[in-house]
>>> print(open('structure.txt').read())   # compact mmCIF, C-alpha atoms and all ligand atoms
# COMPACT_ATOMS: atom_id res chain seq x y z
CA MET A 1 132.52 159.80 -27.24
CA LYS A 2 129.54 162.07 -27.17
CA LYS A 3 126.32 160.17 -27.27
CA ASN A 4 123.03 161.86 -27.81
CA VAL A 5 119.87 159.93 -27.17
CA LEU A 6 116.53 161.30 -28.18
CA PHE A 7 113.46 160.45 -26.20
CA PHE A 8 110.20 161.40 -27.78
CA ILE A 9 107.43 162.44 -25.52
CA ALA A 10 104.00 161.47 -26.71
CA SER A 11 101.60 164.23 -27.52
CA LEU A 12 100.02 165.66 -24.49
CA SER A 13 96.24 165.73 -24.40
CA VAL A 14 96.09 168.97 -22.61
CA ALA A 15 93.67 171.60 -23.72
CA LEU A 16 95.47 174.87 -23.43
CA SER A 17 93.37 177.96 -23.15
CA SER A 18 95.87 179.86 -25.24
CA CYS A 19 95.63 177.34 -28.06
CA GLY A 20 93.18 177.44 -30.86
CA ASN A 21 91.25 180.35 -32.18
CA LYS A 22 90.33 183.08 -29.85
CA GLY A 23 86.66 183.05 -29.11
CA ALA A 24 86.24 179.62 -30.63
CA SER A 25 86.58 177.50 -27.56
CA ASN A 26 83.79 175.26 -28.70
CA SER A 27 85.16 174.93 -32.21
CA THR A 28 85.79 171.42 -33.49
CA GLU A 29 88.86 172.85 -35.28
CA THR A 30 90.79 172.77 -32.02
CA THR A 31 92.82 169.58 -31.71
CA ASN A 32 94.25 168.63 -28.38
CA GLU A 33 97.52 167.36 -29.83
CA ALA A 34 100.58 169.40 -28.95
CA PRO A 35 103.61 169.04 -31.25
CA VAL A 36 105.87 166.08 -30.60
CA GLU A 37 108.71 167.24 -28.39
CA ALA A 38 112.23 165.86 -28.36
CA VAL A 39 114.08 165.86 -25.05
CA GLN A 40 117.78 165.30 -25.47
CA THR A 41 119.85 163.43 -22.93
CA THR A 42 123.55 163.96 -23.27
CA SER A 43 126.53 162.06 -22.06
CA ALA A 44 130.19 163.01 -21.95
CA THR A 45 133.54 161.60 -20.93
CA VAL A 46 136.22 163.41 -18.92
CA PHE A 47 139.84 162.21 -18.85
CA ASP A 48 141.76 163.58 -15.83
CA CYS A 49 145.47 162.94 -16.40
CA ASP A 50 149.09 163.80 -15.48
CA PRO A 51 151.14 162.74 -18.53
CA GLY A 52 153.44 160.74 -17.97
CA THR A 53 154.41 157.87 -20.27
CA ASP A 54 151.59 155.53 -19.21
CA ASP A 55 149.06 158.36 -19.54
CA ALA A 56 150.46 158.93 -23.03
CA CYS A 57 149.62 155.33 -23.96
CA ALA A 58 146.06 155.90 -22.72
CA PHE A 59 145.89 158.93 -25.07
CA LEU A 60 146.83 156.62 -27.95
CA LEU A 61 144.04 154.17 -27.05
CA PHE A 62 141.49 156.97 -26.83
CA ALA A 63 142.57 158.61 -30.08
CA LYS A 64 142.90 155.56 -32.28
CA THR A 65 140.69 152.80 -30.87
CA ILE A 66 138.14 154.01 -28.34
CA GLY A 67 137.15 157.49 -29.46
CA GLU A 68 138.41 160.69 -27.91
CA PRO A 69 137.06 161.94 -24.57
CA ASP A 70 134.95 165.11 -24.74
CA TYR A 71 137.11 166.82 -22.11
CA MET A 72 140.62 166.29 -20.85
CA ILE A 73 141.93 168.00 -17.72
CA SER A 74 145.48 168.09 -16.40
CA THR A 75 146.74 167.68 -12.88
CA PHE A 76 150.21 167.41 -11.29
CA GLY A 77 151.66 163.98 -10.56
CA ASN A 78 154.13 162.28 -12.85
CA MET A 79 155.75 165.70 -13.28
CA PRO A 80 155.02 169.18 -11.90
CA PHE A 81 151.82 170.76 -13.25
CA LYS A 82 153.40 172.99 -15.91
CA TYR A 83 154.93 169.88 -17.54
CA THR A 84 151.88 167.63 -17.33
CA THR A 85 149.62 170.38 -18.69
CA ARG A 86 151.92 171.03 -21.64
CA ASN A 87 152.24 167.27 -22.20
CA MET A 88 148.46 166.93 -22.36
CA ASN A 89 148.41 169.61 -25.08
CA ILE A 90 151.29 167.92 -26.93
CA MET A 91 149.69 164.47 -26.90
CA ALA A 92 146.34 165.89 -28.07
CA LYS A 93 147.97 167.67 -31.04
CA PHE A 94 150.24 164.72 -31.84
CA LEU A 95 147.25 162.37 -32.08
CA GLY A 96 144.88 164.86 -33.72
CA MET A 97 142.41 164.90 -30.83
CA ASN A 98 139.67 167.53 -30.65
CA SER A 99 138.82 167.08 -26.97
CA ILE A 100 138.31 170.32 -25.02
CA LEU A 101 141.42 170.81 -22.87
CA CYS A 102 141.18 172.14 -19.32
CA GLN A 103 143.66 172.75 -16.52
CA GLY A 104 142.78 171.27 -13.15
CA ILE A 105 144.41 171.44 -9.74
CA GLY A 106 148.17 171.99 -9.80
CA GLU A 107 149.26 170.75 -6.37
CA PRO A 108 147.99 168.57 -3.54
CA SER A 109 145.79 170.03 -0.81
CA ASP A 110 148.59 169.81 1.74
CA HIS A 111 151.11 171.36 -0.72
CA HIS A 112 153.68 168.59 -0.30
CA GLU A 113 156.10 167.99 -3.15
CA VAL A 114 155.07 165.19 -5.50
CA THR A 115 157.81 163.78 -7.72
CA CYS A 116 158.86 160.56 -9.31
CA GLY A 117 162.13 162.03 -10.56
CA ASP A 118 163.07 161.11 -14.10
CA PHE A 119 160.93 157.95 -14.29
CA HIS A 120 159.04 159.36 -17.29
CA GLY A 121 162.09 161.20 -18.66
CA THR A 122 163.21 164.74 -17.87
CA ASP A 123 159.94 166.21 -19.17
CA GLY A 124 157.41 163.39 -18.60
CA LEU A 125 157.44 162.41 -22.29
CA ALA A 126 160.72 160.52 -22.59
CA GLY A 127 162.74 163.72 -23.04
CA ILE A 128 161.14 164.56 -26.40
CA ALA A 129 158.42 167.00 -25.26
CA ASP A 130 160.17 170.06 -26.78
CA GLU A 131 160.79 168.24 -30.03
CA MET A 132 157.13 167.10 -30.18
CA ALA A 133 155.84 170.59 -29.29
CA ALA A 134 157.83 172.09 -32.19
CA LYS A 135 156.85 169.33 -34.62
CA TYR A 136 153.13 169.43 -33.82
CA GLY A 137 152.82 173.18 -33.25
CA VAL A 138 152.10 173.42 -29.53
CA THR A 139 152.75 176.96 -28.29
CA ASP A 140 152.72 178.50 -24.82
CA SER A 141 149.71 180.64 -25.77
CA MET A 142 147.83 177.53 -26.87
CA VAL A 143 148.49 175.95 -23.47
CA ALA A 144 147.50 179.18 -21.70
CA SER A 145 144.17 179.16 -23.54
CA ASN A 146 143.07 175.86 -21.95
CA LYS A 147 139.80 176.13 -20.03
CA ASP A 148 139.65 175.98 -16.23
CA LEU A 149 137.93 173.83 -13.60
CA ALA A 150 134.93 176.17 -13.32
CA TYR A 151 134.34 175.75 -17.05
CA LEU A 152 134.49 171.95 -16.77
CA ALA A 153 132.07 172.01 -13.83
CA SER A 154 129.56 174.08 -15.81
CA GLU A 155 129.88 171.70 -18.77
CA ILE A 156 129.36 168.64 -16.53
CA ASN A 157 126.26 170.27 -15.09
CA GLN A 158 124.74 170.49 -18.56
CA LYS A 159 125.11 166.74 -19.15
CA ASP A 160 122.84 163.96 -17.97
CA SER A 161 125.49 161.28 -17.71
CA VAL A 162 129.22 161.86 -17.34
CA THR A 163 131.92 159.20 -17.13
CA TYR A 164 134.96 160.53 -15.28
CA ILE A 165 138.26 158.68 -15.74
CA ALA A 166 141.09 159.76 -13.40
CA VAL A 167 144.62 158.47 -13.84
CA GLY A 168 146.61 160.90 -11.69
CA PRO A 169 146.28 162.22 -8.13
CA LEU A 170 142.61 162.89 -7.27
CA SER A 171 142.94 166.61 -6.38
CA THR A 172 140.89 167.84 -9.34
CA LEU A 173 138.02 165.41 -8.76
CA ALA A 174 138.05 166.21 -5.03
CA ASN A 175 137.80 169.92 -5.86
CA LEU A 176 134.87 169.30 -8.20
CA ILE A 177 133.12 167.48 -5.35
CA THR A 178 133.75 170.17 -2.74
CA LYS A 179 133.55 173.37 -4.82
CA TYR A 180 130.94 172.27 -7.37
CA PRO A 181 128.83 169.67 -5.51
CA GLU A 182 126.05 169.93 -8.09
CA THR A 183 128.34 167.99 -10.47
CA LEU A 184 127.89 164.90 -8.27
CA SER A 185 124.46 164.13 -9.69
CA HIS A 186 125.76 164.38 -13.27
CA ILE A 187 128.81 162.13 -12.88
CA LYS A 188 127.43 158.60 -13.22
CA ASN A 189 130.63 156.56 -13.27
CA VAL A 190 134.16 157.16 -12.03
CA TYR A 191 137.05 154.94 -13.09
CA ILE A 192 140.28 155.53 -11.19
CA MET A 193 143.82 154.20 -11.57
CA GLY A 194 145.16 154.25 -8.06
CA GLY A 195 145.56 152.60 -4.70
CA GLY A 196 146.60 149.14 -3.69
CA ILE A 197 144.86 146.35 -1.78
CA THR A 198 147.90 144.12 -1.32
CA HIS A 199 150.32 145.73 -3.81
CA PHE A 200 152.04 149.01 -2.96
CA ASN A 201 154.74 151.26 -4.45
CA LYS A 202 154.93 154.02 -1.84
CA GLU A 203 155.76 154.02 1.84
CA GLY A 204 152.78 153.64 4.19
CA GLN A 205 151.37 150.81 2.05
CA THR A 206 150.01 153.08 -0.60
CA GLU A 207 150.36 153.87 -4.30
CA TYR A 208 151.84 156.84 -6.16
CA ASN A 209 148.62 158.50 -7.40
CA PHE A 210 146.80 158.06 -4.08
CA ALA A 211 149.87 159.17 -2.13
CA GLY A 212 149.94 162.29 -4.32
CA ASP A 213 146.93 163.68 -2.44
CA GLY A 214 145.66 161.48 0.40
CA PRO A 215 143.00 163.93 1.63
CA ALA A 216 141.64 164.06 -1.94
CA VAL A 217 141.35 160.26 -1.93
CA GLN A 218 139.40 160.52 1.33
CA THR A 219 137.05 163.10 -0.22
CA VAL A 220 136.46 161.03 -3.35
CA LEU A 221 136.06 157.69 -1.59
CA SER A 222 133.56 159.13 0.89
CA SER A 223 131.44 160.84 -1.78
CA SER A 224 128.21 159.53 -3.27
CA LEU A 225 129.93 158.73 -6.59
CA ASP A 226 129.83 155.26 -8.14
CA ILE A 227 133.52 154.34 -8.24
CA THR A 228 135.56 151.58 -9.83
CA ILE A 229 139.27 151.55 -8.98
CA PHE A 230 142.15 149.91 -10.83
CA PRO A 231 144.73 149.39 -8.06
CA LEU A 232 148.30 148.15 -8.40
CA ASP A 233 146.91 144.66 -7.71
CA ILE A 234 145.57 144.55 -11.28
CA THR A 235 147.91 146.97 -13.07
CA GLU A 236 151.14 145.34 -11.89
CA VAL A 237 149.87 142.01 -13.24
CA TYR A 238 147.95 143.03 -16.38
CA ALA A 239 149.32 146.43 -17.52
CA GLY A 240 152.75 145.14 -18.49
CA ILE A 241 154.03 144.85 -22.05
CA ALA A 242 157.18 142.77 -22.49
CA LYS A 243 160.22 144.35 -24.15
CA THR A 244 160.06 141.60 -26.80
CA GLU A 245 156.48 142.72 -27.62
CA ILE A 246 157.57 146.38 -27.85
CA ASP A 247 160.36 145.34 -30.22
CA SER A 248 157.83 143.56 -32.44
CA MET A 249 155.48 146.56 -32.75
CA ASP A 250 155.25 148.73 -35.87
CA PHE A 251 155.74 152.35 -34.78
CA SER A 252 156.03 153.78 -38.30
CA LYS A 253 152.84 155.89 -37.97
CA TYR A 254 153.53 157.10 -34.42
CA PRO A 255 157.31 156.90 -33.91
CA GLU A 256 157.22 158.97 -30.71
CA MET A 257 155.20 156.19 -29.04
CA LYS A 258 158.28 153.98 -29.26
CA ASN A 259 160.37 156.51 -27.30
CA ILE A 260 157.57 156.71 -24.73
CA LEU A 261 157.23 152.94 -24.25
CA LEU A 262 161.00 152.44 -24.14
CA GLN A 263 161.37 155.22 -21.55
CA ASN A 264 158.83 153.45 -19.35
CA TYR A 265 160.63 150.13 -19.89
CA ALA A 266 164.06 151.60 -19.09
CA SER A 267 162.78 153.14 -15.86
CA ASN A 268 161.16 149.88 -14.83
CA VAL A 269 164.46 148.11 -15.34
CA LYS A 270 166.25 150.85 -13.40
CA TYR A 271 163.88 150.95 -10.44
CA THR A 272 162.18 147.54 -10.32
CA LYS A 273 163.89 144.23 -9.69
CA ASP A 274 163.41 141.66 -12.46
CA ALA A 275 161.51 144.05 -14.78
CA THR A 276 161.06 142.62 -18.27
CA GLY A 277 158.89 145.28 -19.89
CA CYS A 278 156.98 148.52 -19.47
CA VAL A 279 153.98 148.90 -17.15
CA ILE A 280 151.35 151.28 -18.48
CA HIS A 281 148.95 151.37 -15.52
CA ASP A 282 146.69 154.14 -16.82
CA CYS A 283 145.51 152.14 -19.81
CA LEU A 284 143.39 149.76 -17.74
CA PRO A 285 140.54 152.10 -16.65
CA VAL A 286 140.46 153.42 -20.22
CA LEU A 287 140.14 149.88 -21.60
CA TYR A 288 137.44 149.14 -19.01
CA TYR A 289 135.49 152.13 -20.31
CA TYR A 290 135.90 150.60 -23.77
CA ASP A 291 134.94 146.98 -22.96
CA LYS A 292 133.89 145.98 -19.46
CA SER A 293 133.41 142.34 -20.50
CA LYS A 294 137.18 141.82 -20.43
CA PHE A 295 137.42 142.53 -16.70
CA THR A 296 136.63 140.81 -13.40
CA VAL A 297 135.47 143.27 -10.75
CA LYS A 298 134.93 142.62 -7.05
CA ASP A 299 133.18 144.86 -4.52
CA TYR A 300 134.97 146.00 -1.38
CA LYS A 301 134.02 148.31 1.47
CA LEU A 302 136.99 150.65 1.66
CA VAL A 303 138.24 153.58 3.69
CA ALA A 304 141.28 155.77 2.98
CA ASN A 305 143.65 157.47 5.39
CA SER A 306 145.30 160.87 4.94
CA ILE A 307 148.32 159.48 3.06
CA GLY A 308 146.20 157.57 0.55
CA HIS A 309 146.39 154.10 2.07
CA ILE A 310 143.14 152.18 1.53
CA GLU A 311 141.82 149.23 3.47
CA GLU A 312 138.66 147.25 4.04
CA ALA A 313 136.35 148.39 6.82
CA ALA A 314 132.82 147.40 7.81
CA ASP A 315 131.70 151.03 7.59
CA GLY A 316 133.68 151.72 4.41
CA LYS A 317 132.23 152.87 1.11
CA LEU A 318 131.26 150.22 -1.43
CA ILE A 319 133.87 150.46 -4.18
CA HIS A 320 134.14 148.28 -7.27
CA VAL A 321 137.69 147.00 -7.58
CA ALA A 322 138.97 145.64 -10.90
CA MET A 323 141.02 142.54 -10.13
CA GLU A 324 141.58 140.71 -13.42
CA MET A 325 141.60 141.45 -17.14
CA GLU A 326 141.61 139.19 -20.19
CA LYS A 327 145.21 138.35 -21.03
CA ASP A 328 146.63 140.21 -24.07
CA PHE A 329 143.73 142.71 -24.19
CA LEU A 330 146.16 145.58 -23.53
CA VAL A 331 148.92 144.56 -25.92
CA ASN A 332 146.43 143.81 -28.69
CA SER A 333 144.69 147.16 -28.13
CA ILE A 334 148.00 149.06 -28.31
CA LYS A 335 148.95 147.21 -31.50
CA GLU A 336 145.53 147.99 -33.01
CA SER A 337 145.95 151.66 -32.09
CA LEU A 338 149.35 151.88 -33.78
CA LYS A 339 147.92 150.76 -37.15
CA CA A 401 148.98 158.97 -14.66
>>> encode(input="structure.txt", output="structure tokens", more="lines below")
Ligand SMILES: [Ca+2]
Amino acid sequence: MKKNVLFFIASLSVALSSCGNKGASNSTETTNEAPVEAVQTTSATVFDCDPGTDDACAFLLFAKTIGEPDYMISTFGNMPFKYTTRNMNIMAKFLGMNSILCQGIGEPSDHHEVTCGDFHGTDGLAGIADEMAAKYGVTDSMVASNKDLAYLASEINQKDSVTYIAVGPLSTLANLITKYPETLSHIKNVYIMGGGITHFNKEGQTEYNFAGDGPAVQTVLSSSLDITIFPLDITEVYAGIAKTEIDSMDFSKYPEMKNILLQNYASNVKYTKDATGCVIHDCLPVLYYYDKSKFTVKDYKLVANSIGHIEEAADGKLIHVAMEMEKDFLVNSIKESLK
């Protein structure tokens, strides 16, 4: 979604001594009008992900409904880094995306092990990552040729307005902030799937992505960035798709998406009491980027602790928190993307 806006600067009435004919400073031939100049402002979108079955659904929305992000960058999370990075490459090829692919931070700052077992399948893509890599021509050398974080930082610094969407642990964004602080003035909006106000899925009253790198959450939430978060409070209520809906979808164009949604559903049934469908958390910040009018957002002053628990505090940072979304916006968007 690259948007270029041209602003035209009116001619400057500046008499330049170097203009005009030499030795003819009094000549009436000299006009004071400089050529019209065009100053280009550029915007870009970065998708920071750890695919993951719910990340994979966000890829589908980007590719088929919203418009692909300019840059995608992988981090660890749903699976170890080598899997999530390969999965990002697989999903991009599968969906014909031309985004520039980068590799971000591969482990949390405190080096603790992050795992959700086989929730997303043995490989993060419902156990069909190898099959998809072969079918869509994703090679190890292709993955190895992904750009790095320094490259992404230099690209961000050349843009006037960057939207940064993070749907995994926040290690990569935290590293951008600390190692490349000049990027802060170029990143205008940050949309994050993570955290919980009253809903939690990890010990210590936190959430999987935020628990993945608590110190990174602290860095991000104490930065000058304008941040909107999509905590479990909204995703657990609005990011579900019932099994009956999945069964009614037409997957003929993208059959692998059925495996991915059913993997997510099966794991929900296995690990969550009374589950009736899949929960594709990461789609909500992506849909917000697409159409903010469908969401209700409330401002909180929040602080984070070192394990990624967030809570209100008088001296906390003002964070926009998405609390509600128009019913059926997600399921209708997925159906539209499958067409
Ligand atoms: Ca994710």
>>> residues_near_ligand(input="structure.txt", ligand="ligand CA 401 (chain A)", cutoff="8 Å", atoms="all atoms listed in the file", output="MDAnalysis selection string")
chainID A and resid 49:55 77:78 167:169 193 209 281:282
>>> closest_residue(input="structure.txt", among="A:Ala92, A:Val237, A:Val217, A:Ala63", to="Met325 of chain A", atoms="only C-alpha atoms")
A:Val237
>>> atom_distance(input="structure.txt", atom1="atom CA of Ile177 of chain A", atom2="atom CA of Pro80 of chain A")
22.9 Å
>>> atom_distance(input="structure.txt", atom1="atom CA of Asn157 of chain A", atom2="atom CA of Gly106 of chain A")
22.6 Å
>>> closest_residue(input="structure.txt", among="A:Ile90, A:Gly127, A:Gly194, A:Asp250", to="Gly212 of chain A", atoms="all atoms listed in the file")
A:Gly194
>>> residues_around(input="structure.txt", residues="segment 94-96 of chain A", least_positions_apart="4", cutoff="9 Å", atoms="only C-alpha atoms", output="JSON, numbers by chain")
{"A": [59, 60, 63, 64, 89, 90, 132, 133, 135, 136, 137, 254]}
>>> closest_residue(input="structure.txt", among="A:Glu207, A:Glu155, A:Glu256, A:Glu311", to="Thr183 of chain A", atoms="only C-alpha atoms")
A:Glu155
>>> closest_residue(input="structure.txt", among="A:Asp123, A:Asp118, A:Asp226, A:Glu107", to="Thr172 of chain A", atoms="only C-alpha atoms")
A:Glu107
>>> closest_residue(input="structure.txt", among="A:Met88, A:Ala314, A:Met72, A:Met142", to="Ala166 of chain A", atoms="all atoms listed in the file")
A:Met72
>>> closest_residue(input="structure.txt", among="A:Thr178, A:Ser293, A:Gln218, A:Asn268", to="Gly121 of chain A", atoms="all atoms listed in the file")
A:Asn268
>>> atom_distance(input="structure.txt", atom1="atom CA of Met91 of chain A", atom2="atom CA of Ser337 of chain A")
14.3 Å
>>> residues_near_point(input="structure.txt", point="(150.4, 148.0, -26.5)", cutoff="12 Å", atoms="all atoms listed in the file", output="short mmCIF file (atom, residue, chain, number, x, y, z; two decimals) with C-alpha atoms, in the frame of the given file")
data_model
loop_
_atom_site.label_atom_id
_atom_site.label_comp_id
_atom_site.auth_asym_id
_atom_site.auth_seq_id
_atom_site.Cartn_x
_atom_site.Cartn_y
_atom_site.Cartn_z
CA ASP A 54 151.59 155.53 -19.21
CA ALA A 56 150.46 158.93 -23.03
CA CYS A 57 149.62 155.33 -23.96
CA ALA A 58 146.06 155.90 -22.72
CA PHE A 59 145.89 158.93 -25.07
CA LEU A 60 146.83 156.62 -27.95
CA LEU A 61 144.04 154.17 -27.05
CA THR A 65 140.69 152.80 -30.87
CA TYR A 238 147.95 143.03 -16.38
CA ALA A 239 149.32 146.43 -17.52
CA GLY A 240 152.75 145.14 -18.49
CA ILE A 241 154.03 144.85 -22.05
CA ALA A 242 157.18 142.77 -22.49
CA LYS A 243 160.22 144.35 -24.15
CA THR A 244 160.06 141.60 -26.80
CA GLU A 245 156.48 142.72 -27.62
CA ILE A 246 157.57 146.38 -27.85
CA ASP A 247 160.36 145.34 -30.22
CA SER A 248 157.83 143.56 -32.44
CA MET A 249 155.48 146.56 -32.75
CA ASP A 250 155.25 148.73 -35.87
CA PHE A 251 155.74 152.35 -34.78
CA MET A 257 155.20 156.19 -29.04
CA LYS A 258 158.28 153.98 -29.26
CA ILE A 260 157.57 156.71 -24.73
CA LEU A 261 157.23 152.94 -24.25
CA LEU A 262 161.00 152.44 -24.14
CA GLY A 277 158.89 145.28 -19.89
CA CYS A 278 156.98 148.52 -19.47
CA VAL A 279 153.98 148.90 -17.15
CA ILE A 280 151.35 151.28 -18.48
CA HIS A 281 148.95 151.37 -15.52
CA CYS A 283 145.51 152.14 -19.81
CA LEU A 284 143.39 149.76 -17.74
CA LEU A 287 140.14 149.88 -21.60
CA ASP A 328 146.63 140.21 -24.07
CA PHE A 329 143.73 142.71 -24.19
CA LEU A 330 146.16 145.58 -23.53
CA VAL A 331 148.92 144.56 -25.92
CA ASN A 332 146.43 143.81 -28.69
CA SER A 333 144.69 147.16 -28.13
CA ILE A 334 148.00 149.06 -28.31
CA LYS A 335 148.95 147.21 -31.50
CA GLU A 336 145.53 147.99 -33.01
CA SER A 337 145.95 151.66 -32.09
CA LEU A 338 149.35 151.88 -33.78
CA LYS A 339 147.92 150.76 -37.15
#
>>> residues_around(input="structure.txt", residues="Lys294 of chain A", least_positions_apart="3", cutoff="10 Å", atoms="only C-alpha atoms", output="mmCIF file with C-alpha atoms, in the frame of the given file")
data_model
loop_
_atom_site.group_PDB
_atom_site.id
_atom_site.type_symbol
_atom_site.label_atom_id
_atom_site.label_comp_id
_atom_site.auth_asym_id
_atom_site.auth_seq_id
_atom_site.Cartn_x
_atom_site.Cartn_y
_atom_site.Cartn_z
ATOM 1 C CA LEU A 287 140.140 149.880 -21.600
ATOM 2 C CA TYR A 288 137.440 149.140 -19.010
ATOM 3 C CA TYR A 290 135.900 150.600 -23.770
ATOM 4 C CA ASP A 291 134.940 146.980 -22.960
ATOM 5 C CA VAL A 297 135.470 143.270 -10.750
ATOM 6 C CA GLU A 324 141.580 140.710 -13.420
ATOM 7 C CA MET A 325 141.600 141.450 -17.140
ATOM 8 C CA GLU A 326 141.610 139.190 -20.190
ATOM 9 C CA LYS A 327 145.210 138.350 -21.030
ATOM 10 C CA PHE A 329 143.730 142.710 -24.190
#
>>> residues_around(input="structure.txt", residues="Asp233 of chain A", least_positions_apart="3", cutoff="8 Å", atoms="only C-alpha atoms", output="PyMOL selection string")
chain A and resi 196-199+230+236-237+323
>>> residues_around(input="structure.txt", residues="Ile187 of chain A", least_positions_apart="3", cutoff="10 Å", atoms="all atoms listed in the file", output="PDB file with C-alpha atoms, in the coordinates of the input")
ATOM      1  CA  SER A  43     126.530 162.060 -22.060  1.00  0.00           C
ATOM      2  CA  ALA A  44     130.190 163.010 -21.950  1.00  0.00           C
ATOM      3  CA  THR A  45     133.540 161.600 -20.930  1.00  0.00           C
ATOM      4  CA  VAL A  46     136.220 163.410 -18.920  1.00  0.00           C
ATOM      5  CA  ILE A 156     129.360 168.640 -16.530  1.00  0.00           C
ATOM      6  CA  ASN A 157     126.260 170.270 -15.090  1.00  0.00           C
ATOM      7  CA  LYS A 159     125.110 166.740 -19.150  1.00  0.00           C
ATOM      8  CA  ASP A 160     122.840 163.960 -17.970  1.00  0.00           C
ATOM      9  CA  SER A 161     125.490 161.280 -17.710  1.00  0.00           C
ATOM     10  CA  VAL A 162     129.220 161.860 -17.340  1.00  0.00           C
ATOM     11  CA  THR A 163     131.920 159.200 -17.130  1.00  0.00           C
ATOM     12  CA  TYR A 164     134.960 160.530 -15.280  1.00  0.00           C
ATOM     13  CA  GLU A 182     126.050 169.930  -8.090  1.00  0.00           C
ATOM     14  CA  THR A 183     128.340 167.990 -10.470  1.00  0.00           C
ATOM     15  CA  LEU A 184     127.890 164.900  -8.270  1.00  0.00           C
ATOM     16  CA  VAL A 190     134.160 157.160 -12.030  1.00  0.00           C
ATOM     17  CA  SER A 224     128.210 159.530  -3.270  1.00  0.00           C
ATOM     18  CA  LEU A 225     129.930 158.730  -6.590  1.00  0.00           C
ATOM     19  CA  ASP A 226     129.830 155.260  -8.140  1.00  0.00           C
TER      20      ASP A 226
END
>>> decode(input="structure.txt", residues="segment 139-190 of chain A", atoms="C-alpha atoms", output="PDB file, in the first residue's frame")
ATOM      1  CA  THR A 139      14.080 -22.456  -1.484  1.00  0.00           C
ATOM      2  CA  ASP A 140      16.558 -22.082   1.373  1.00  0.00           C
ATOM      3  CA  SER A 141      18.614 -19.628  -0.693  1.00  0.00           C
ATOM      4  CA  MET A 142      15.515 -17.513  -1.288  1.00  0.00           C
ATOM      5  CA  VAL A 143      14.923 -17.351   2.475  1.00  0.00           C
ATOM      6  CA  ALA A 144      18.605 -16.576   3.092  1.00  0.00           C
ATOM      7  CA  SER A 145      18.383 -13.630   0.687  1.00  0.00           C
ATOM      8  CA  ASN A 146      15.805 -11.812   2.844  1.00  0.00           C
ATOM      9  CA  LYS A 147      16.931  -8.341   3.924  1.00  0.00           C
ATOM     10  CA  ASP A 148      17.898  -7.542   7.521  1.00  0.00           C
ATOM     11  CA  LEU A 149      16.774  -5.109  10.231  1.00  0.00           C
ATOM     12  CA  ALA A 150      19.380  -2.488   9.266  1.00  0.00           C
ATOM     13  CA  TYR A 151      17.959  -2.466   5.748  1.00  0.00           C
ATOM     14  CA  LEU A 152      14.403  -2.001   7.052  1.00  0.00           C
ATOM     15  CA  ALA A 153      15.541   0.836   9.318  1.00  0.00           C
ATOM     16  CA  SER A 154      17.189   2.643   6.403  1.00  0.00           C
ATOM     17  CA  GLU A 155      14.040   2.202   4.306  1.00  0.00           C
ATOM     18  CA  ILE A 156      11.822   3.535   7.120  1.00  0.00           C
ATOM     19  CA  ASN A 157      14.085   6.550   7.435  1.00  0.00           C
ATOM     20  CA  GLN A 158      13.448   7.423   3.794  1.00  0.00           C
ATOM     21  CA  LYS A 159       9.662   7.529   4.306  1.00  0.00           C
ATOM     22  CA  ASP A 160       7.575  10.346   5.703  1.00  0.00           C
ATOM     23  CA  SER A 161       4.840   8.204   7.189  1.00  0.00           C
ATOM     24  CA  VAL A 162       5.142   4.542   8.126  1.00  0.00           C
ATOM     25  CA  THR A 163       2.406   2.348   9.574  1.00  0.00           C
ATOM     26  CA  TYR A 164       3.910  -0.516  11.575  1.00  0.00           C
ATOM     27  CA  ILE A 165       1.698  -3.523  12.297  1.00  0.00           C
ATOM     28  CA  ALA A 166       3.123  -6.056  14.785  1.00  0.00           C
ATOM     29  CA  VAL A 167       1.422  -9.384  15.416  1.00  0.00           C
ATOM     30  CA  GLY A 168       4.172 -11.328  17.196  1.00  0.00           C
ATOM     31  CA  PRO A 169       6.487 -10.614  20.134  1.00  0.00           C
ATOM     32  CA  LEU A 170       7.729  -7.001  20.041  1.00  0.00           C
ATOM     33  CA  SER A 171      11.490  -7.731  19.961  1.00  0.00           C
ATOM     34  CA  THR A 172      12.014  -6.403  16.428  1.00  0.00           C
ATOM     35  CA  LEU A 173      10.137  -3.146  17.042  1.00  0.00           C
ATOM     36  CA  ALA A 174      11.974  -2.676  20.357  1.00  0.00           C
ATOM     37  CA  ASN A 175      15.289  -3.129  18.538  1.00  0.00           C
ATOM     38  CA  LEU A 176      14.310  -0.566  15.912  1.00  0.00           C
ATOM     39  CA  ILE A 177      13.570   1.885  18.730  1.00  0.00           C
ATOM     40  CA  THR A 178      16.823   1.307  20.606  1.00  0.00           C
ATOM     41  CA  LYS A 179      19.292   0.676  17.754  1.00  0.00           C
ATOM     42  CA  TYR A 180      17.767   2.965  15.119  1.00  0.00           C
ATOM     43  CA  PRO A 181      16.026   5.713  17.141  1.00  0.00           C
ATOM     44  CA  GLU A 182      15.805   7.963  14.079  1.00  0.00           C
ATOM     45  CA  THR A 183      13.041   5.621  12.810  1.00  0.00           C
ATOM     46  CA  LEU A 184      10.777   6.886  15.617  1.00  0.00           C
ATOM     47  CA  SER A 185       9.965  10.110  13.787  1.00  0.00           C
ATOM     48  CA  HIS A 186       9.054   8.213  10.610  1.00  0.00           C
ATOM     49  CA  ILE A 187       6.721   5.641  12.186  1.00  0.00           C
ATOM     50  CA  LYS A 188       3.399   7.460  12.517  1.00  0.00           C
ATOM     51  CA  ASN A 189       1.127   4.641  13.658  1.00  0.00           C
ATOM     52  CA  VAL A 190       1.714   1.313  15.376  1.00  0.00           C
TER      53      VAL A 190
END
